[in-house]
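Raw contents of work_11.tsv, TSV, N, CA and C atoms:
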```
chain	number	residue	atom	x	y	z
A	1	MET	N	-68.66	13.50	16.11
A	1	MET	CA	-67.60	13.52	17.08
A	1	MET	C	-66.77	12.24	16.98
A	2	LYS	N	-67.46	11.11	16.78
A	2	LYS	CA	-66.76	9.83	16.68
A	2	LYS	C	-65.88	9.80	15.42
A	3	ALA	N	-66.41	10.33	14.33
A	3	ALA	CA	-65.64	10.37	13.09
A	3	ALA	C	-64.40	11.25	13.26
A	4	LYS	N	-64.54	12.33	14.00
A	4	LYS	CA	-63.41	13.22	14.25
A	4	LYS	C	-62.32	12.49	15.04
A	5	SER	N	-62.72	11.69	16.02
A	5	SER	CA	-61.77	10.93	16.83
A	5	SER	C	-61.05	9.88	15.98
A	6	ILE	N	-61.81	9.22	15.13
A	6	ILE	CA	-61.21	8.20	14.26
A	6	ILE	C	-60.23	8.85	13.29
A	7	LEU	N	-60.65	9.95	12.68
A	7	LEU	CA	-59.78	10.65	11.75
A	7	LEU	C	-58.51	11.15	12.43
A	8	THR	N	-58.65	11.66	13.64
A	8	THR	CA	-57.48	12.12	14.40
A	8	THR	C	-56.53	10.96	14.68
A	9	GLY	N	-57.09	9.82	15.06
A	9	GLY	CA	-56.26	8.63	15.32
A	9	GLY	C	-55.51	8.18	14.08
A	10	ILE	N	-56.17	8.20	12.94
A	10	ILE	CA	-55.52	7.80	11.68
A	10	ILE	C	-54.40	8.78	11.34
A	11	LEU	N	-54.68	10.07	11.47
A	11	LEU	CA	-53.65	11.07	11.16
A	11	LEU	C	-52.45	10.94	12.10
A	12	ILE	N	-52.72	10.68	13.36
A	12	ILE	CA	-51.62	10.50	14.31
A	12	ILE	C	-50.79	9.28	13.91
A	13	GLY	N	-51.48	8.21	13.53
A	13	GLY	CA	-50.76	7.01	13.09
A	13	GLY	C	-49.91	7.26	11.86
A	14	ILE	N	-50.48	8.00	10.91
A	14	ILE	CA	-49.75	8.29	9.67
A	14	ILE	C	-48.53	9.17	9.95
A	15	VAL	N	-48.68	10.12	10.87
A	15	VAL	CA	-47.59	11.02	11.17
A	15	VAL	C	-46.61	10.39	12.17
A	16	ALA	N	-47.13	9.66	13.15
A	16	ALA	CA	-46.29	9.15	14.23
A	16	ALA	C	-45.33	8.06	13.76
A	17	PHE	N	-45.79	7.14	12.94
A	17	PHE	CA	-44.92	6.03	12.53
A	17	PHE	C	-43.66	6.52	11.81
A	18	PRO	N	-43.80	7.35	10.77
A	18	PRO	CA	-42.58	7.85	10.12
A	18	PRO	C	-41.73	8.72	11.05
A	19	THR	N	-42.40	9.46	11.92
A	19	THR	CA	-41.65	10.32	12.84
A	19	THR	C	-40.81	9.48	13.78
A	20	ILE	N	-41.38	8.43	14.31
A	20	ILE	CA	-40.63	7.56	15.22
A	20	ILE	C	-39.47	6.90	14.47
A	21	THR	N	-39.75	6.42	13.27
A	21	THR	CA	-38.70	5.78	12.47
A	21	THR	C	-37.58	6.76	12.14
A	22	LEU	N	-37.94	7.93	11.64
A	22	LEU	CA	-36.93	8.93	11.30
A	22	LEU	C	-36.25	9.47	12.55
A	23	GLY	N	-37.03	9.58	13.63
A	23	GLY	CA	-36.46	10.07	14.88
A	23	GLY	C	-35.37	9.16	15.40
A	24	SER	N	-35.61	7.85	15.32
A	24	SER	CA	-34.58	6.91	15.80
A	24	SER	C	-33.34	6.98	14.90
A	25	SER	N	-33.54	7.18	13.60
A	25	SER	CA	-32.40	7.34	12.69
A	25	SER	C	-31.64	8.62	13.01
A	26	PHE	N	-32.38	9.68	13.32
A	26	PHE	CA	-31.77	10.97	13.66
A	26	PHE	C	-30.95	10.84	14.94
A	27	VAL	N	-31.53	10.18	15.94
A	27	VAL	CA	-30.81	9.99	17.21
A	27	VAL	C	-29.55	9.16	16.98
A	28	SER	N	-29.67	8.13	16.17
A	28	SER	CA	-28.51	7.29	15.88
A	28	SER	C	-27.40	8.10	15.21
A	29	SER	N	-27.78	8.97	14.28
A	29	SER	CA	-26.77	9.77	13.59
A	29	SER	C	-26.17	10.82	14.51
A	30	LEU	N	-26.95	11.31	15.47
A	30	LEU	CA	-26.43	12.30	16.41
A	30	LEU	C	-25.33	11.71	17.30
A	31	ILE	N	-25.56	10.49	17.73
A	31	ILE	CA	-24.64	9.93	18.72
A	31	ILE	C	-23.66	8.92	18.13
A	32	ALA	N	-23.69	8.78	16.81
A	32	ALA	CA	-22.75	7.84	16.17
A	32	ALA	C	-21.32	8.31	16.42
A	33	ASP	N	-20.47	7.37	16.72
A	33	ASP	CA	-19.04	7.61	16.96
A	33	ASP	C	-18.78	8.59	18.11
A	34	LYS	N	-19.66	8.63	19.08
A	34	LYS	CA	-19.48	9.49	20.25
A	34	LYS	C	-19.30	8.60	21.47
A	35	SER	N	-18.63	9.15	22.47
A	35	SER	CA	-18.53	8.42	23.72
A	35	SER	C	-19.88	8.46	24.42
A	36	VAL	N	-20.04	7.67	25.45
A	36	VAL	CA	-21.31	7.62	26.17
A	36	VAL	C	-21.63	8.98	26.77
A	37	ASP	N	-20.61	9.62	27.36
A	37	ASP	CA	-20.83	10.94	27.97
A	37	ASP	C	-21.25	11.98	26.93
A	38	GLU	N	-20.61	11.97	25.77
A	38	GLU	CA	-20.96	12.92	24.72
A	38	GLU	C	-22.38	12.65	24.20
A	39	ALA	N	-22.72	11.38	24.02
A	39	ALA	CA	-24.05	11.01	23.54
A	39	ALA	C	-25.12	11.46	24.53
A	40	VAL	N	-24.87	11.24	25.81
A	40	VAL	CA	-25.82	11.66	26.84
A	40	VAL	C	-25.98	13.17	26.82
A	41	GLN	N	-24.87	13.89	26.67
A	41	GLN	CA	-24.92	15.35	26.64
A	41	GLN	C	-25.70	15.85	25.43
A	42	ILE	N	-25.48	15.25	24.28
A	42	ILE	CA	-26.20	15.64	23.06
A	42	ILE	C	-27.69	15.39	23.23
A	43	LEU	N	-28.04	14.22	23.72
A	43	LEU	CA	-29.46	13.90	23.91
A	43	LEU	C	-30.11	14.81	24.96
A	44	ALA	N	-29.37	15.12	26.02
A	44	ALA	CA	-29.91	16.02	27.05
A	44	ALA	C	-30.19	17.40	26.47
A	45	THR	N	-29.29	17.89	25.64
A	45	THR	CA	-29.48	19.19	25.00
A	45	THR	C	-30.71	19.17	24.10
A	46	GLN	N	-30.86	18.10	23.32
A	46	GLN	CA	-32.01	17.98	22.43
A	46	GLN	C	-33.32	17.90	23.22
A	47	ILE	N	-33.31	17.18	24.31
A	47	ILE	CA	-34.52	17.07	25.15
A	47	ILE	C	-34.85	18.42	25.77
A	48	ASP	N	-33.84	19.15	26.24
A	48	ASP	CA	-34.08	20.49	26.80
A	48	ASP	C	-34.71	21.41	25.75
A	49	ASN	N	-34.19	21.35	24.53
A	49	ASN	CA	-34.76	22.16	23.45
A	49	ASN	C	-36.22	21.78	23.18
A	50	LEU	N	-36.49	20.49	23.19
A	50	LEU	CA	-37.85	20.01	22.94
A	50	LEU	C	-38.80	20.45	24.05
A	51	ILE	N	-38.35	20.36	25.29
A	51	ILE	CA	-39.19	20.77	26.43
A	51	ILE	C	-39.49	22.26	26.33
A	52	GLY	N	-38.51	23.06	25.96
A	52	GLY	CA	-38.73	24.50	25.78
A	52	GLY	C	-39.78	24.79	24.73
A	53	ARG	N	-39.73	24.05	23.65
A	53	ARG	CA	-40.71	24.24	22.58
A	53	ARG	C	-42.11	23.85	23.03
A	54	VAL	N	-42.19	22.75	23.78
A	54	VAL	CA	-43.48	22.29	24.29
A	54	VAL	C	-44.06	23.33	25.24
A	55	GLU	N	-43.23	23.91	26.09
A	55	GLU	CA	-43.70	24.94	27.02
A	55	GLU	C	-44.24	26.16	26.27
A	56	ILE	N	-43.56	26.55	25.21
A	56	ILE	CA	-44.03	27.68	24.40
A	56	ILE	C	-45.40	27.37	23.79
A	57	VAL	N	-45.56	26.16	23.28
A	57	VAL	CA	-46.84	25.75	22.69
A	57	VAL	C	-47.93	25.75	23.77
A	58	GLU	N	-47.62	25.27	24.97
A	58	GLU	CA	-48.61	25.26	26.05
A	58	GLU	C	-49.02	26.67	26.44
A	59	ILE	N	-48.06	27.59	26.49
A	59	ILE	CA	-48.36	28.98	26.84
A	59	ILE	C	-49.26	29.60	25.77
A	60	LYS	N	-48.92	29.37	24.52
A	60	LYS	CA	-49.74	29.92	23.43
A	60	LYS	C	-51.14	29.32	23.44
A	61	GLN	N	-51.25	28.04	23.75
A	61	GLN	CA	-52.55	27.39	23.81
A	61	GLN	C	-53.39	27.99	24.94
A	62	THR	N	-52.77	28.23	26.09
A	62	THR	CA	-53.48	28.83	27.21
A	62	THR	C	-53.96	30.24	26.85
A	63	GLU	N	-53.11	31.01	26.19
A	63	GLU	CA	-53.49	32.35	25.77
A	63	GLU	C	-54.66	32.30	24.78
A	64	GLN	N	-54.58	31.35	23.86
A	64	GLN	CA	-55.65	31.22	22.86
A	64	GLN	C	-56.96	30.81	23.53
A	65	GLU	N	-56.91	29.90	24.50
A	65	GLU	CA	-58.12	29.48	25.20
A	65	GLU	C	-58.73	30.65	25.96
A	66	ALA	N	-57.88	31.49	26.56
A	66	ALA	CA	-58.38	32.68	27.28
A	66	ALA	C	-59.04	33.65	26.31
A	67	GLN	N	-58.44	33.82	25.14
A	67	GLN	CA	-59.02	34.72	24.12
A	67	GLN	C	-60.37	34.19	23.64
A	68	ILE	N	-60.47	32.88	23.44
A	68	ILE	CA	-61.73	32.28	23.00
A	68	ILE	C	-62.80	32.46	24.08
A	69	ALA	N	-62.43	32.25	25.34
A	69	ALA	CA	-63.39	32.43	26.44
A	69	ALA	C	-63.87	33.88	26.50
A	70	LYS	N	-62.96	34.81	26.26
A	70	LYS	CA	-63.34	36.23	26.27
A	70	LYS	C	-64.31	36.52	25.13
A	71	GLN	N	-64.03	36.00	23.94
A	71	GLN	CA	-64.91	36.22	22.80
A	71	GLN	C	-66.30	35.62	23.05
A	72	GLU	N	-66.34	34.45	23.66
A	72	GLU	CA	-67.63	33.83	23.98
A	72	GLU	C	-68.39	34.67	24.99
A	73	ALA	N	-67.68	35.21	25.98
A	73	ALA	CA	-68.33	36.07	26.98
A	73	ALA	C	-68.88	37.33	26.33
A	74	CYS	N	-68.15	37.89	25.38
A	74	CYS	CA	-68.63	39.09	24.68
A	74	CYS	C	-69.87	38.78	23.85
A	75	ARG	N	-69.89	37.63	23.19
A	75	ARG	CA	-71.08	37.23	22.43
A	75	ARG	C	-72.27	37.01	23.36
A	76	GLU	N	-71.99	36.42	24.52
A	76	GLU	CA	-73.05	36.19	25.50
A	76	GLU	C	-73.58	37.52	26.03
A	77	THR	N	-72.70	38.49	26.23
A	77	THR	CA	-73.11	39.82	26.67
A	77	THR	C	-74.06	40.44	25.65
A	78	ASP	N	-73.70	40.37	24.39
A	78	ASP	CA	-74.56	40.92	23.33
A	78	ASP	C	-75.92	40.21	23.29
A	79	ARG	N	-75.90	38.89	23.40
A	79	ARG	CA	-77.14	38.12	23.36
A	79	ARG	C	-78.04	38.47	24.55
A	80	LEU	N	-77.44	38.60	25.73
A	80	LEU	CA	-78.22	38.94	26.92
A	80	LEU	C	-78.82	40.34	26.83
A	81	LEU	N	-78.07	41.26	26.25
A	81	LEU	CA	-78.58	42.62	26.12
A	81	LEU	C	-79.80	42.66	25.20
A	82	VAL	N	-79.76	41.89	24.12
A	82	VAL	CA	-80.92	41.79	23.22
A	82	VAL	C	-82.11	41.21	23.97
A	83	GLU	N	-81.86	40.16	24.75
A	83	GLU	CA	-82.94	39.52	25.51
A	83	GLU	C	-83.51	40.48	26.56
A	84	ILE	N	-82.63	41.23	27.21
A	84	ILE	CA	-83.07	42.21	28.21
A	84	ILE	C	-83.97	43.25	27.57
A	85	LYS	N	-83.58	43.74	26.41
A	85	LYS	CA	-84.40	44.75	25.72
A	85	LYS	C	-85.76	44.19	25.33
A	86	GLU	N	-85.79	42.91	24.92
A	86	GLU	CA	-87.06	42.28	24.54
A	86	GLU	C	-87.96	42.12	25.76
A	87	VAL	N	-87.40	41.66	26.88
A	87	VAL	CA	-88.20	41.46	28.08
A	87	VAL	C	-88.65	42.80	28.64
A	88	CYS	N	-87.80	43.81	28.56
A	88	CYS	CA	-88.16	45.13	29.05
A	88	CYS	C	-89.39	45.66	28.33
A	89	GLY	N	-89.37	45.62	27.02
A	89	GLY	CA	-90.53	46.01	26.24
A	89	GLY	C	-90.80	47.51	26.20
A	90	ILE	N	-89.88	48.31	26.69
A	90	ILE	CA	-90.07	49.76	26.68
A	90	ILE	C	-89.17	50.35	25.60
A	91	GLN	N	-89.77	51.14	24.71
A	91	GLN	CA	-89.02	51.75	23.62
A	91	GLN	C	-89.02	53.26	23.78
A	92	PRO	N	-87.94	53.93	23.59
A	92	PRO	CA	-86.58	53.40	23.47
A	92	PRO	C	-86.13	52.82	24.80
A	93	PHE	N	-85.19	51.90	24.74
A	93	PHE	CA	-84.71	51.19	25.92
A	93	PHE	C	-84.12	52.20	26.91
A	94	PRO	N	-84.67	52.27	28.13
A	94	PRO	CA	-84.22	53.29	29.08
A	94	PRO	C	-82.99	52.91	29.87
A	95	GLY	N	-82.50	51.71	29.72
A	95	GLY	CA	-81.41	51.21	30.54
A	95	GLY	C	-81.95	50.14	31.47
A	96	LEU	N	-81.11	49.26	31.90
A	96	LEU	CA	-81.55	48.09	32.65
A	96	LEU	C	-82.16	48.45	34.00
A	97	ASP	N	-81.46	49.25	34.79
A	97	ASP	CA	-81.97	49.60	36.10
A	97	ASP	C	-83.27	50.40	36.01
A	98	GLU	N	-83.33	51.32	35.06
A	98	GLU	CA	-84.55	52.11	34.86
A	98	GLU	C	-85.71	51.23	34.42
A	99	CYS	N	-85.42	50.25	33.58
A	99	CYS	CA	-86.47	49.34	33.12
A	99	CYS	C	-87.02	48.52	34.29
A	100	ILE	N	-86.14	48.00	35.12
A	100	ILE	CA	-86.58	47.24	36.30
A	100	ILE	C	-87.44	48.14	37.20
A	101	SER	N	-86.97	49.34	37.42
A	101	SER	CA	-87.70	50.28	38.27
A	101	SER	C	-89.10	50.56	37.70
A	102	ARG	N	-89.18	50.80	36.40
A	102	ARG	CA	-90.49	51.08	35.78
A	102	ARG	C	-91.41	49.87	35.88
A	103	ARG	N	-90.87	48.67	35.67
A	103	ARG	CA	-91.70	47.46	35.76
A	103	ARG	C	-92.23	47.30	37.18
A	104	LEU	N	-91.41	47.56	38.18
A	104	LEU	CA	-91.87	47.48	39.57
A	104	LEU	C	-92.91	48.55	39.86
A	105	ASN	N	-92.74	49.75	39.30
A	105	ASN	CA	-93.73	50.82	39.46
A	105	ASN	C	-95.06	50.44	38.81
A	106	TYR	N	-94.98	49.86	37.59
A	106	TYR	CA	-96.20	49.41	36.91
A	106	TYR	C	-96.92	48.37	37.76
A	107	TYR	N	-96.15	47.47	38.38
A	107	TYR	CA	-96.75	46.44	39.23
A	107	TYR	C	-97.45	47.07	40.43
A	108	SER	N	-96.78	48.03	41.08
A	108	SER	CA	-97.39	48.65	42.27
A	108	SER	C	-98.65	49.44	41.90
A	109	GLU	N	-98.69	49.96	40.68
A	109	GLU	CA	-99.86	50.73	40.24
A	109	GLU	C	-101.01	49.85	39.78
A	110	THR	N	-100.69	48.69	39.21
A	110	THR	CA	-101.74	47.88	38.57
A	110	THR	C	-101.99	46.54	39.24
A	111	ASP	N	-101.09	46.10	40.11
A	111	ASP	CA	-101.15	44.75	40.71
A	111	ASP	C	-101.13	43.65	39.64
A	112	ASN	N	-100.59	43.97	38.47
A	112	ASN	CA	-100.48	43.00	37.39
A	112	ASN	C	-99.24	42.15	37.65
A	113	ILE	N	-99.47	40.88	37.93
A	113	ILE	CA	-98.38	39.97	38.31
A	113	ILE	C	-97.35	39.80	37.19
A	114	SER	N	-97.78	39.98	35.94
A	114	SER	CA	-96.83	39.84	34.83
A	114	SER	C	-95.74	40.92	34.90
A	115	GLU	N	-96.07	42.09	35.43
A	115	GLU	CA	-95.06	43.14	35.59
A	115	GLU	C	-94.02	42.74	36.62
A	116	LEU	N	-94.49	42.11	37.70
A	116	LEU	CA	-93.56	41.63	38.72
A	116	LEU	C	-92.68	40.52	38.16
A	117	ASN	N	-93.28	39.62	37.37
A	117	ASN	CA	-92.51	38.55	36.74
A	117	ASN	C	-91.45	39.12	35.80
A	118	ARG	N	-91.83	40.13	35.03
A	118	ARG	CA	-90.86	40.77	34.13
A	118	ARG	C	-89.71	41.37	34.92
A	119	ALA	N	-90.02	42.02	36.01
A	119	ALA	CA	-88.97	42.63	36.84
A	119	ALA	C	-88.04	41.55	37.40
A	120	ASP	N	-88.61	40.42	37.84
A	120	ASP	CA	-87.77	39.33	38.36
A	120	ASP	C	-86.89	38.74	37.26
A	121	ILE	N	-87.46	38.55	36.09
A	121	ILE	CA	-86.67	38.04	34.95
A	121	ILE	C	-85.55	39.02	34.61
A	122	LEU	N	-85.87	40.31	34.60
A	122	LEU	CA	-84.86	41.32	34.30
A	122	LEU	C	-83.73	41.32	35.34
A	123	LYS	N	-84.09	41.10	36.60
A	123	LYS	CA	-83.05	41.04	37.65
A	123	LYS	C	-82.12	39.85	37.41
A	124	GLU	N	-82.69	38.70	37.05
A	124	GLU	CA	-81.87	37.53	36.75
A	124	GLU	C	-80.97	37.78	35.53
A	125	LEU	N	-81.56	38.36	34.50
A	125	LEU	CA	-80.78	38.66	33.29
A	125	LEU	C	-79.69	39.68	33.59
A	126	LYS	N	-79.97	40.62	34.47
A	126	LYS	CA	-78.97	41.63	34.84
A	126	LYS	C	-77.76	40.96	35.47
A	127	SER	N	-78.02	40.01	36.37
A	127	SER	CA	-76.92	39.29	37.02
A	127	SER	C	-76.06	38.55	36.00
A	128	LEU	N	-76.73	37.84	35.07
A	128	LEU	CA	-76.00	37.11	34.03
A	128	LEU	C	-75.24	38.08	33.12
A	129	TYR	N	-75.90	39.18	32.77
A	129	TYR	CA	-75.30	40.18	31.88
A	129	TYR	C	-74.04	40.78	32.51
A	130	LEU	N	-74.12	41.16	33.78
A	130	LEU	CA	-72.97	41.78	34.44
A	130	LEU	C	-71.80	40.79	34.57
A	131	SER	N	-72.12	39.54	34.83
A	131	SER	CA	-71.07	38.52	34.92
A	131	SER	C	-70.38	38.34	33.56
A	132	ALA	N	-71.17	38.22	32.50
A	132	ALA	CA	-70.60	38.06	31.15
A	132	ALA	C	-69.83	39.31	30.74
A	133	LYS	N	-70.35	40.47	31.10
A	133	LYS	CA	-69.68	41.73	30.75
A	133	LYS	C	-68.31	41.83	31.44
A	134	ASN	N	-68.24	41.40	32.70
A	134	ASN	CA	-66.95	41.41	33.40
A	134	ASN	C	-65.95	40.48	32.74
A	135	GLN	N	-66.39	39.31	32.32
A	135	GLN	CA	-65.49	38.38	31.64
A	135	GLN	C	-65.07	38.92	30.29
A	136	CYS	N	-65.96	39.62	29.63
A	136	CYS	CA	-65.67	40.19	28.31
A	136	CYS	C	-64.62	41.31	28.43
A	137	GLU	N	-64.66	42.06	29.51
A	137	GLU	CA	-63.77	43.20	29.66
A	137	GLU	C	-62.40	42.82	30.22
A	138	LEU	N	-62.19	41.57	30.60
A	138	LEU	CA	-60.89	41.16	31.14
A	138	LEU	C	-59.80	41.26	30.11
```
Whole structure, structure tokens version:
Amino acid sequence: MKAKSILTGILIGIVAFPTITLGSSFVSSLIADKSVDEAVQILATQIDNLIGRVEIVEIKQTEQEAQIAKQEACRETDRLLVEIKEVCGIQPFPGLDECISRRLNYYSETDNISELNRADILKELKSLYLSAKNQCEL
């Protein structure tokens, strides 16, 4: 992570210095031989254009972050479903609610505490699974 920060700083320095130098030359050429009012108007137009571009980049970045969050939620949904099936231990997998119900029935029939623990774990996983599934479907 530290190396990434250092590399980013170096790249910014390499890109920023020439950009600032060329930018000042560009601004000078834009407003050369112009009155103060014309120069201010030209610079204001350029700043407005720049702000519009920055807003577009921010919107696209927000959309991309939302897409990444959705993909992560979908991966989490898949991972939780695999874990639920493993904890359930019933083949073929009867579905989450049915599995919880069967585990509770096994507990009431056998007084085996591990069945109750499995049912509790499945309930917790169900909550996590449904939350991730809702985020995935957005």
**Report entry** Nearby residues, (-66.8, 40.0, 22.4) file frame, 12 Å, only C-alpha atoms, as a ChimeraX atom specification
**Finding:** /A:67-79,132-138
Next, dump the selected residues to file, keeping only N, CA and C atoms, as an mmCIF file, keeping the file's coordinate frame.
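Once written, part_17.cif looks like this:
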```cif
data_model
loop_
_atom_site.group_PDB
_atom_site.id
_atom_site.type_symbol
_atom_site.label_atom_id
_atom_site.label_comp_id
_atom_site.auth_asym_id
_atom_site.auth_seq_id
_atom_site.Cartn_x
_atom_site.Cartn_y
_atom_site.Cartn_z
ATOM 1 N N GLN A 67 -58.440 33.820 25.140
ATOM 2 C CA GLN A 67 -59.020 34.720 24.120
ATOM 3 C C GLN A 67 -60.370 34.190 23.640
ATOM 4 N N ILE A 68 -60.470 32.880 23.440
ATOM 5 C CA ILE A 68 -61.730 32.280 23.000
ATOM 6 C C ILE A 68 -62.800 32.460 24.080
ATOM 7 N N ALA A 69 -62.430 32.250 25.340
ATOM 8 C CA ALA A 69 -63.390 32.430 26.440
ATOM 9 C C ALA A 69 -63.870 33.880 26.500
ATOM 10 N N LYS A 70 -62.960 34.810 26.260
ATOM 11 C CA LYS A 70 -63.340 36.230 26.270
ATOM 12 C C LYS A 70 -64.310 36.520 25.130
ATOM 13 N N GLN A 71 -64.030 36.000 23.940
ATOM 14 C CA GLN A 71 -64.910 36.220 22.800
ATOM 15 C C GLN A 71 -66.300 35.620 23.050
ATOM 16 N N GLU A 72 -66.340 34.450 23.660
ATOM 17 C CA GLU A 72 -67.630 33.830 23.980
ATOM 18 C C GLU A 72 -68.390 34.670 24.990
ATOM 19 N N ALA A 73 -67.680 35.210 25.980
ATOM 20 C CA ALA A 73 -68.330 36.070 26.980
ATOM 21 C C ALA A 73 -68.880 37.330 26.330
ATOM 22 N N CYS A 74 -68.150 37.890 25.380
ATOM 23 C CA CYS A 74 -68.630 39.090 24.680
ATOM 24 C C CYS A 74 -69.870 38.780 23.850
ATOM 25 N N ARG A 75 -69.890 37.630 23.190
ATOM 26 C CA ARG A 75 -71.080 37.230 22.430
ATOM 27 C C ARG A 75 -72.270 37.010 23.360
ATOM 28 N N GLU A 76 -71.990 36.420 24.520
ATOM 29 C CA GLU A 76 -73.050 36.190 25.500
ATOM 30 C C GLU A 76 -73.580 37.520 26.030
ATOM 31 N N THR A 77 -72.700 38.490 26.230
ATOM 32 C CA THR A 77 -73.110 39.820 26.670
ATOM 33 C C THR A 77 -74.060 40.440 25.650
ATOM 34 N N ASP A 78 -73.700 40.370 24.390
ATOM 35 C CA ASP A 78 -74.560 40.920 23.330
ATOM 36 C C ASP A 78 -75.920 40.210 23.290
ATOM 37 N N ARG A 79 -75.900 38.890 23.400
ATOM 38 C CA ARG A 79 -77.140 38.120 23.360
ATOM 39 C C ARG A 79 -78.040 38.470 24.550
ATOM 40 N N ALA A 132 -71.170 38.220 32.500
ATOM 41 C CA ALA A 132 -70.600 38.060 31.150
ATOM 42 C C ALA A 132 -69.830 39.310 30.740
ATOM 43 N N LYS A 133 -70.350 40.470 31.100
ATOM 44 C CA LYS A 133 -69.680 41.730 30.750
ATOM 45 C C LYS A 133 -68.310 41.830 31.440
ATOM 46 N N ASN A 134 -68.240 41.400 32.700
ATOM 47 C CA ASN A 134 -66.950 41.410 33.400
ATOM 48 C C ASN A 134 -65.950 40.480 32.740
ATOM 49 N N GLN A 135 -66.390 39.310 32.320
ATOM 50 C CA GLN A 135 -65.490 38.380 31.640
ATOM 51 C C GLN A 135 -65.070 38.920 30.290
ATOM 52 N N CYS A 136 -65.960 39.620 29.630
ATOM 53 C CA CYS A 136 -65.670 40.190 28.310
ATOM 54 C C CYS A 136 -64.620 41.310 28.430
ATOM 55 N N GLU A 137 -64.660 42.060 29.510
ATOM 56 C CA GLU A 137 -63.770 43.200 29.660
ATOM 57 C C GLU A 137 -62.400 42.820 30.220
ATOM 58 N N LEU A 138 -62.190 41.570 30.600
ATOM 59 C CA LEU A 138 -60.890 41.160 31.140
ATOM 60 C C LEU A 138 -59.800 41.260 30.110
#
```
Report task. Could you check how far atom N of Glu58 (chain A) sits from atom C of Ala39 (chain A), in Å to one decimal? Result ->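 Interatomic distance here is 26.4 Å.
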Query raised in the report: Which polymer residues have any atom within 7 Å of an atom of region 99-101 of chain A, counting all atoms listed in the file, with same-chain residues fewer than 5 positions away left out, as a PyMOL selection string?
Result: chain A and resi 88+94+106+118-119+122-123
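When atom C of Lys85 (chain A) is paired with atom N of Asn112 (chain A), their separation reads 19.8 Å.
Take CA of Asn49 (chain A) and CA of Gly9 (chain A): the distance between them is 26.7 Å.
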Query raised in the report: Counting all atoms listed in the file, which residues come within 7 Å of (-76.0, 42.9, 30.2), with the point read in the file's coordinates, and could you list them as a ChimeraX atom specification?
Result: /A:77-78,80-81,125-126,128-131,133
Would you mind exporting region 74-102 of chain A with C-alpha atoms, as a JSON list (two decimals), in the first residue's frame?
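The resulting file, result_33.json, is reproduced below:
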```json
[["chain", "number", "residue", "atom", "x", "y", "z"],
["A", 74, "CYS", "CA", -23.79, -10.79, -5.51],
["A", 75, "ARG", "CA", -20.53, -12.61, -4.73],
["A", 76, "GLU", "CA", -21.39, -12.49, -1.04],
["A", 77, "THR", "CA", -24.84, -13.92, -1.81],
["A", 78, "ASP", "CA", -23.26, -16.85, -3.66],
["A", 79, "ARG", "CA", -20.74, -17.45, -0.86],
["A", 80, "LEU", "CA", -23.46, -17.38, 1.81],
["A", 81, "LEU", "CA", -25.63, -19.81, -0.13],
["A", 82, "VAL", "CA", -22.75, -22.29, -0.30],
["A", 83, "GLU", "CA", -22.18, -21.89, 3.44],
["A", 84, "ILE", "CA", -25.89, -22.33, 4.14],
["A", 85, "LYS", "CA", -25.96, -25.56, 2.16],
["A", 86, "GLU", "CA", -22.90, -26.85, 4.05],
["A", 87, "VAL", "CA", -24.37, -26.01, 7.46],
["A", 88, "CYS", "CA", -27.74, -27.46, 6.48],
["A", 89, "GLY", "CA", -26.18, -30.80, 5.62],
["A", 90, "ILE", "CA", -29.34, -32.15, 4.00],
["A", 91, "GLN", "CA", -29.03, -33.46, 0.45],
["A", 92, "PRO", "CA", -30.59, -32.44, -1.84],
["A", 93, "PHE", "CA", -30.85, -28.96, -0.35],
["A", 94, "PRO", "CA", -34.52, -28.46, 0.56],
["A", 95, "GLY", "CA", -34.40, -24.67, 0.76],
["A", 96, "LEU", "CA", -33.40, -22.44, 3.63],
["A", 97, "ASP", "CA", -36.68, -22.24, 5.53],
["A", 98, "GLU", "CA", -37.31, -25.97, 5.14],
["A", 99, "CYS", "CA", -33.78, -26.73, 6.34],
["A", 100, "ILE", "CA", -34.25, -24.59, 9.46],
["A", 101, "SER", "CA", -37.59, -26.26, 10.11],
["A", 102, "ARG", "CA", -36.10, -29.76, 9.77]]
```
